[in-house]
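Enquirer: Before I ask anything, let me first share the structure, which is written out below as structure tokens.
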Protein chains: 4
Amino acid sequence: MTKGTSSHWVTGVSEISAEEMYIRGYAMSDLVGAIPFPGIAYLLIRGVLPTRGQARMMDAIFSSILDYGLQKSGTVAARAVVSVNPAMTAGLGAAVLAAGEYALSPEDTGRFISTTFAQWKDSGKPMDEAAANLVAELRAAKRRVPGFGHQVFRIVDPRSEKLKKLAKEQGVWGEVNEWYEAVHRAFQAASNKPDLVLNDVGMLASIMVQMGFSPAEMCGLAIISTMPGLVAHISEELQSGVRNRLVPESHTEYSTARRELGPDLRKAGW
Amino acid sequence: MTKGTSSHWVTGVSEISAEEMYIRGYAMSDLVGAIPFPGIAYLLIRGVLPTRGQARMMDAIFSSILDYGLQKSGTVAARAVVSVNPAMTAGLGAAVLAAGEYALSPEDTGRFISTTFAQWKDSGKPMDEAAANLVAELRAAKRRVPGFGHQVFRIVDPRSEKLKKLAKEQGVWGEVNEWYEAVHRAFQAASNKPDLVLNDVGMLASIMVQMGFSPAEMCGLAIISTMPGLVAHISEELQSGVRNRLVPESHTEYSTARRELGPDLRKAGW
Amino acid sequence: MTKGTSSHWVTGVSEISAEEMYIRGYAMSDLVGAIPFPGIAYLLIRGVLPTRGQARMMDAIFSSILDYGLQKSGTVAARAVVSVNPAMTAGLGAAVLAAGEYALSPEDTGRFISTTFAQWKDSGKPMDEAAANLVAELRAAKRRVPGFGHQVFRIVDPRSEKLKKLAKEQGVWGEVNEWYEAVHRAFQAASNKPDLVLNDVGMLASIMVQMGFSPAEMCGLAIISTMPGLVAHISEELQSGVRNRLVPESHTEYSTARRELGPDLRKAGW
Amino acid sequence: MTKGTSSHWVTGVSEISAEEMYIRGYAMSDLVGAIPFPGIAYLLIRGVLPTRGQARMMDAIFSSILDYGLQKSGTVAARAVVSVNPAMTAGLGAAVLAAGEYALSPEDTGRFISTTFAQWKDSGKPMDEAAANLVAELRAAKRRVPGFGHQVFRIVDPRSEKLKKLAKEQGVWGEVNEWYEAVHRAFQAASNKPDLVLNDVGMLASIMVQMGFSPAEMCGLAIISTMPGLVAHISEELQSGVRNRLVPESHTEYSTARRELGPDLRKAGW
């Protein structure tokens, strides 16, 4: 009996036999073709079949980030890696590691939304009052609210509007989204910035929380969205024939002066 | 001027401005919603818009591997990693590294198919004659043909048949597939194994070659297919609360006897 | 002018010319042979030449973790990866990702020691009084102190004693270590557990903080300590000929029952 | 009984009990302090205690690569990764993946030396005759010999000479090295390039083969040599506060023109 030890493994994701694979209990041969890949992804991660609307929303989530050309550190890392180690897996491995705190992280926004939503539900207070209180606290603590603001867009972010429209059409819009919009309105009012947008990252995060994804899963979905672009970049790099990607000398600054070892060694007691 | 140096980067994948992202030249705001994610993946990697049939086939490719439960080394590695370092990116990074020579590698099959197909086209010989010659050579060199055979299935692999039917319906079936089937027939005949199947990995590889993907890109597509399952496994592991996954002691054998350091050090001259 | 942009790189670690490499300003051809590898590692990371004592202590730090056989999740992950993708880099990459919160992390202990040490210095209070206050606060908040306790050792951990003796002999023992020992004494007293040891991880962390390493660097040093063992394990796995490492079926439990797709799809509205 | 299955694990690297760790059979508490870290690394990987000379040579091997500043793709990848995901493990993971075919790979040189050495021993021919034959074959096949040539150094590479002198002093110089030097002399003669050096990578590889390391292990040793420099670079990057490392726009060229989606979609049949 191994239950309760760290070498006992429990899984509900899938089960394999010589003839068939069961995905969350369903025979894979039934599943493939019956619902599209983004819907199967929902089933794999959430454990239940999606509605058509949820499957359609999953497609939109996977289509939401895609690629930032060479303006993404993960792409630079992946291409640098395959310029010396020409293997697709090595490049993808490096790129995946470059999702984090400062890029590609709906995770933090998701954690903010799900935590504050739960706190509001527990409080029993009216939504707008709770949102105003929350914003006041955050501003007092000089903490920023993730998902608000954009370099260019003012008043509305057209990408957010498109996602919201789709979520409503597909029946996945709900109380979590309403809560996050209330926080946005409260923030606009308290900071006197009526043109501050609720950006696409924020909107997407609120939709994923509403759909039941955990913050860690949201990070995974964001990474999946970038995978086809990464495959394209790595393939492009492999075909380019460039070897040993470097930082250009013109962009490099050396901050240590040259020194003599002998005297310094003696000073250090050698 | 940096052209021709390893710090000059050329990309056709995407281009970013403050307001818009261009994916292979198309405005992302136009693209999203117009074609589904698997179709956008085709555009990102192949550089041109897919037909509806090609987009539909991409969905089938992404739905082809999905997950092998705990019967895949990459899943074991990913869950072991997050049992000590509870980060989605670390788990996905480890899993990606576990695609290779002995698993998840349509890459080798793809390389075999594209190389032998090109050789046949150059030879000008009739397809069946060329296939028979190739099989004779491979058998003489005791080299196996990738993509043939299955533990359980005989005569036909139902998964291959389903993929073939779909490829024909969607207009992506072509000369590469015909060539690979000819090699399969020649192999059945020469080895006197009429019930040896052309398996799903082989069928899928021939379809991806026909669609124009390189072997490295095929590896990337296979990895994308497994990503939702990996997100599900890593999330399940993170929620399990199990720490420090181990090989069970009952499955471990130590092959070095205990020894005394002192005498051995002296023998080694210390 | 690129200064201040994210494509401007500043480094003081090393500088390369066609004929010579400068490590923290010293010509590599002078350096190699003059001081041993652990001493060069100190120079690379800390930026200044070590004393003989600091170099000797670096050797002890690198010798402190080494390997836990198959009782380390990172080793399991690395061997699982190379059982399907037989590449040393892939295996090492996976293993490195398995240093984290629940294993191989002097990082957290280091952060605790350096933070509380700085707070004590700022407070101007006597050491033992400050330590008692800190322990009282931690106990009230039910927070544990990292680096205390061991499964087997009581009163003293012989490995800690050995490290302490060496640190004193080599002149790297200092006020940080005294502070951490004071916290340990205060904890023993407050919790009435006089036999609770200050373990090897705690002792090592306090020495690294005293030597000036940051928490992130301490994580790096711990990983370096495990690298030769990982090379040995991966090499052993590659030579074993075992393919596709799995969790044994006897240790696997499936938590999802099989179900019929058709009815469930209809219920989901397809 | 699990022997012979892929979930049966055999290891001789180390064995753990609650009180003691056995490294290749020796109690770790005896080992630490008795021989320096590079010697313990030899024991871990080769399975036997080193002589003093072998331990000294291991130190030289670990001191042989160290760092190439920002002129190494792996460093660029690692710093790009931590500029968005500020975690030491993520940076080290990415860097490790950037050892490969075109950089940091004594692996290929090692494979060349060990294979041709074994062939010569089997042949029973005099060394210089066998070396001349080998070089003739390689030149006929237009294959290059790894480890020969340098951008700057002519006739002798001072780094190689230093390694050779050390190997002789420490008693680790042997027949493999003699063989590789014979190949070098034969190549100088056949190509009429008397000033072509046997470079440091070649010399180091021949020493590692002579010491009994496999090509995969040689890759691992090269990576260990670079680890302290990587820790230094990643720490420097984390402290720099720079976020989201990018390729400078001035070094980026976009190769896809902007296009209209509507007409192209219609042409593709949507």
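In the structure tokens, chains take the letters A, B, ... in the order shown, each chain's residues start at 1, and ligands count up from 1 in the order shown.
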Please, which residues of chain D lie no more than 8 Å from chain B when the count uses only C-alpha atoms, and can they be set out as a ChimeraX atom specification?

Expert: /D:2,7-15,22,24-27,30-31,49-52,90,247,251-261,264-265,268-270

Enquirer: Skipping near chain neighbours, those fewer than 4 positions away, what residues fall within 9 Å of stretch 202-211 of chain B using only C-alpha atoms, listed as a PyMOL selection string?

Expert: chain B and resi 54+57+61+64+106-107+109-111+113-114+146-148+159-161+163-164+167+172-177+180-181+198+215+218

Enquirer: Any chance you could export the current selection's C-alpha atoms as a compact mmCIF listing (two decimals), in the first residue's frame?

Expert:
```txt
# COMPACT_ATOMS: atom_id res chain seq x y z
CA GLN B 54 -6.03 22.96 -43.78
CA MET B 57 -6.65 19.39 -40.39
CA ILE B 61 -3.19 17.40 -35.63
CA SER B 64 -3.84 13.72 -32.09
CA PRO B 106 7.10 12.49 -35.51
CA GLU B 107 10.34 14.32 -36.38
CA THR B 109 9.27 9.74 -39.28
CA GLY B 110 8.83 13.07 -41.03
CA ARG B 111 12.49 13.18 -42.00
CA ILE B 113 9.15 10.46 -45.45
CA SER B 114 10.34 13.78 -46.84
CA PRO B 146 9.24 4.37 -38.89
CA GLY B 147 5.45 4.49 -38.57
CA PHE B 148 4.66 0.82 -39.20
CA ARG B 159 -6.94 5.94 -35.89
CA SER B 160 -4.96 6.05 -39.15
CA GLU B 161 -8.09 5.35 -41.17
CA LEU B 163 -7.01 10.62 -40.20
CA LYS B 164 -6.84 9.47 -43.83
CA ALA B 167 -7.34 14.39 -44.92
CA VAL B 172 -4.98 17.90 -47.87
CA TRP B 173 -4.26 14.33 -49.03
CA GLY B 174 -1.61 14.17 -51.71
CA GLU B 175 1.34 12.58 -53.41
CA VAL B 176 3.43 12.34 -50.23
CA ASN B 177 0.73 10.23 -48.59
CA TYR B 180 4.23 6.53 -47.92
CA GLU B 181 1.36 4.10 -48.46
CA LEU B 198 0.48 1.82 -40.95
CA PRO B 215 10.67 17.86 -39.25
CA MET B 218 6.47 18.62 -36.66
```

Enquirer: Considering only C-alpha atoms, can you say which of B:Val84, B:Ile45, B:Ile40, B:Leu70 comes closest to B:Ala216?

Expert: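 Answer, going by the shortest atom-to-atom distance: B:Ile45.
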
Enquirer: Measure the distance from atom CA of C:Arg144 to atom CA of C:Leu104 in Å and round it to one decimal.

Expert: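 A separation of 17.4 Å between them.
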
Enquirer: List the spatial neighbours of B:Gln188 as a tab-separated table (two decimals) with all heavy atoms, in the first residue's frame - criterion: any atom at most 12 Å away, only C-alpha atoms, same-chain residues fewer than 5 positions off excluded.

Expert:
```tsv
chain	number	residue	atom	x	y	z
B	131	ALA	N	9.36	2.22	-54.41
B	131	ALA	CA	9.08	1.82	-53.03
B	131	ALA	C	9.66	0.44	-52.74
B	131	ALA	O	10.25	0.20	-51.67
B	131	ALA	CB	7.57	1.84	-52.78
B	132	ALA	N	9.51	-0.48	-53.68
B	132	ALA	CA	10.05	-1.83	-53.50
B	132	ALA	C	11.58	-1.78	-53.37
B	132	ALA	O	12.17	-2.46	-52.52
B	132	ALA	CB	9.62	-2.72	-54.67
B	135	VAL	N	12.52	-0.39	-49.92
B	135	VAL	CA	12.30	-1.37	-48.85
B	135	VAL	C	13.39	-2.45	-48.87
B	135	VAL	O	13.90	-2.86	-47.82
B	135	VAL	CB	10.89	-1.98	-48.95
B	135	VAL	CG1	10.76	-3.24	-48.11
B	135	VAL	CG2	9.85	-0.94	-48.53
B	136	ALA	N	13.76	-2.86	-50.07
B	136	ALA	CA	14.83	-3.87	-50.18
B	136	ALA	C	16.13	-3.35	-49.58
B	136	ALA	O	16.80	-4.05	-48.81
B	136	ALA	CB	15.03	-4.26	-51.66
B	139	ARG	N	15.84	-3.14	-45.75
B	139	ARG	CA	15.88	-4.46	-45.12
B	139	ARG	C	17.30	-5.04	-45.16
B	139	ARG	O	17.74	-5.67	-44.20
B	139	ARG	CB	14.88	-5.40	-45.77
B	139	ARG	CG	13.42	-5.08	-45.34
B	139	ARG	CD	12.38	-5.84	-46.13
B	139	ARG	NE	12.63	-7.27	-46.16
B	139	ARG	CZ	12.29	-8.14	-45.19
B	139	ARG	NH1	11.64	-7.70	-44.13
B	139	ARG	NH2	12.58	-9.42	-45.30
B	145	VAL	N	11.51	0.81	-40.73
B	145	VAL	CA	10.77	1.92	-41.33
B	145	VAL	C	9.89	2.52	-40.26
B	145	VAL	O	9.06	1.82	-39.66
B	145	VAL	CB	9.91	1.44	-42.51
B	145	VAL	CG1	9.16	2.64	-43.12
B	145	VAL	CG2	10.77	0.77	-43.55
B	148	PHE	N	5.35	2.08	-38.90
B	148	PHE	CA	4.66	0.82	-39.20
B	148	PHE	C	4.59	-0.03	-37.93
B	148	PHE	O	5.54	-0.09	-37.16
B	148	PHE	CB	5.41	0.03	-40.28
B	148	PHE	CG	5.49	0.72	-41.62
B	148	PHE	CD1	6.35	0.24	-42.62
B	148	PHE	CD2	4.73	1.85	-41.90
B	148	PHE	CE1	6.44	0.87	-43.85
B	148	PHE	CE2	4.82	2.50	-43.13
B	148	PHE	CZ	5.68	2.00	-44.11
B	149	GLY	N	3.45	-0.72	-37.75
B	149	GLY	CA	3.31	-1.67	-36.66
B	149	GLY	C	2.61	-1.09	-35.44
B	149	GLY	O	2.62	0.12	-35.20
B	154	ARG	N	-4.15	-4.90	-36.01
B	154	ARG	CA	-3.70	-5.71	-37.14
B	154	ARG	C	-4.45	-5.26	-38.39
B	154	ARG	O	-5.61	-4.88	-38.30
B	154	ARG	CB	-3.99	-7.21	-36.90
B	154	ARG	CG	-3.25	-7.83	-35.74
B	154	ARG	CD	-1.75	-8.07	-36.06
B	154	ARG	NE	-1.00	-8.39	-34.84
B	154	ARG	CZ	-0.35	-7.49	-34.08
B	154	ARG	NH1	-0.35	-6.22	-34.41
B	154	ARG	NH2	0.29	-7.86	-33.01
B	155	ILE	N	-3.80	-5.33	-39.52
B	155	ILE	CA	-4.34	-4.97	-40.84
B	155	ILE	C	-4.64	-3.48	-40.94
B	155	ILE	O	-4.02	-2.80	-41.73
B	155	ILE	CB	-5.57	-5.83	-41.23
B	155	ILE	CG1	-5.17	-7.33	-41.21
B	155	ILE	CG2	-6.07	-5.45	-42.65
B	155	ILE	CD1	-6.27	-8.31	-41.44
B	181	GLU	N	2.19	5.31	-48.41
B	181	GLU	CA	1.36	4.10	-48.46
B	181	GLU	C	1.99	3.04	-49.38
B	181	GLU	O	1.91	1.84	-49.11
B	181	GLU	CB	-0.06	4.43	-48.92
B	181	GLU	CG	-0.87	5.18	-47.84
B	181	GLU	CD	-2.38	5.08	-48.04
B	181	GLU	OE1	-2.82	4.96	-49.22
B	181	GLU	OE2	-3.11	5.10	-47.03
B	182	ALA	N	2.62	3.51	-50.46
B	182	ALA	CA	3.30	2.57	-51.36
B	182	ALA	C	4.46	1.88	-50.64
B	182	ALA	O	4.69	0.67	-50.80
B	182	ALA	CB	3.81	3.30	-52.61
B	183	VAL	N	5.20	2.66	-49.83
B	183	VAL	CA	6.29	2.07	-49.05
B	183	VAL	C	5.72	1.05	-48.07
B	183	VAL	O	6.29	-0.04	-47.88
B	183	VAL	CB	7.09	3.18	-48.30
B	183	VAL	CG1	8.15	2.56	-47.39
B	183	VAL	CG2	7.72	4.15	-49.29
B	193	LYS	N	4.35	-9.72	-44.05
B	193	LYS	CA	3.53	-9.40	-42.88
B	193	LYS	C	2.33	-8.58	-43.36
B	193	LYS	O	2.28	-7.37	-43.16
B	193	LYS	CB	4.31	-8.57	-41.87
B	193	LYS	CG	5.43	-9.33	-41.17
B	193	LYS	CD	6.12	-8.43	-40.14
B	193	LYS	CE	7.26	-9.16	-39.45
B	193	LYS	NZ	8.18	-8.24	-38.76
B	194	PRO	N	1.35	-9.26	-43.99
B	194	PRO	CA	0.24	-8.52	-44.59
B	194	PRO	C	-0.64	-7.80	-43.56
B	194	PRO	O	-1.40	-6.91	-43.93
B	194	PRO	CB	-0.55	-9.60	-45.32
B	194	PRO	CG	-0.18	-10.89	-44.67
B	194	PRO	CD	1.21	-10.72	-44.15
B	195	ASP	N	-0.50	-8.17	-42.29
B	195	ASP	CA	-1.36	-7.52	-41.29
B	195	ASP	C	-0.67	-6.39	-40.52
B	195	ASP	O	-1.22	-5.83	-39.58
B	195	ASP	CB	-1.93	-8.55	-40.30
B	195	ASP	CG	-0.84	-9.27	-39.54
B	195	ASP	OD1	0.35	-9.08	-39.87
B	195	ASP	OD2	-1.17	-10.02	-38.60
B	196	LEU	N	0.57	-6.07	-40.95
B	196	LEU	CA	1.31	-4.97	-40.28
B	196	LEU	C	0.66	-3.63	-40.62
B	196	LEU	O	0.56	-3.25	-41.79
B	196	LEU	CB	2.77	-4.97	-40.78
B	196	LEU	CG	3.68	-3.95	-40.10
B	196	LEU	CD1	4.33	-4.59	-38.87
B	196	LEU	CD2	4.76	-3.48	-41.07
B	197	VAL	N	0.23	-2.91	-39.60
B	197	VAL	CA	-0.50	-1.66	-39.88
B	197	VAL	C	0.43	-0.48	-40.15
B	197	VAL	O	1.58	-0.46	-39.74
B	197	VAL	CB	-1.43	-1.27	-38.70
B	197	VAL	CG1	-2.45	-2.36	-38.44
B	197	VAL	CG2	-0.62	-0.95	-37.43
B	198	LEU	N	-0.13	0.50	-40.86
B	198	LEU	CA	0.48	1.82	-40.95
B	198	LEU	C	-0.15	2.57	-39.78
B	198	LEU	O	-1.36	2.85	-39.78
B	198	LEU	CB	0.10	2.45	-42.30
B	198	LEU	CG	0.87	3.68	-42.77
B	198	LEU	CD1	0.58	3.95	-44.25
B	198	LEU	CD2	0.55	4.91	-41.94
```

Enquirer: Grab the atom CA of C:Phe62 to atom CA of C:Leu92 distance for me, in Å with one decimal place.

Expert: 17.1 Å
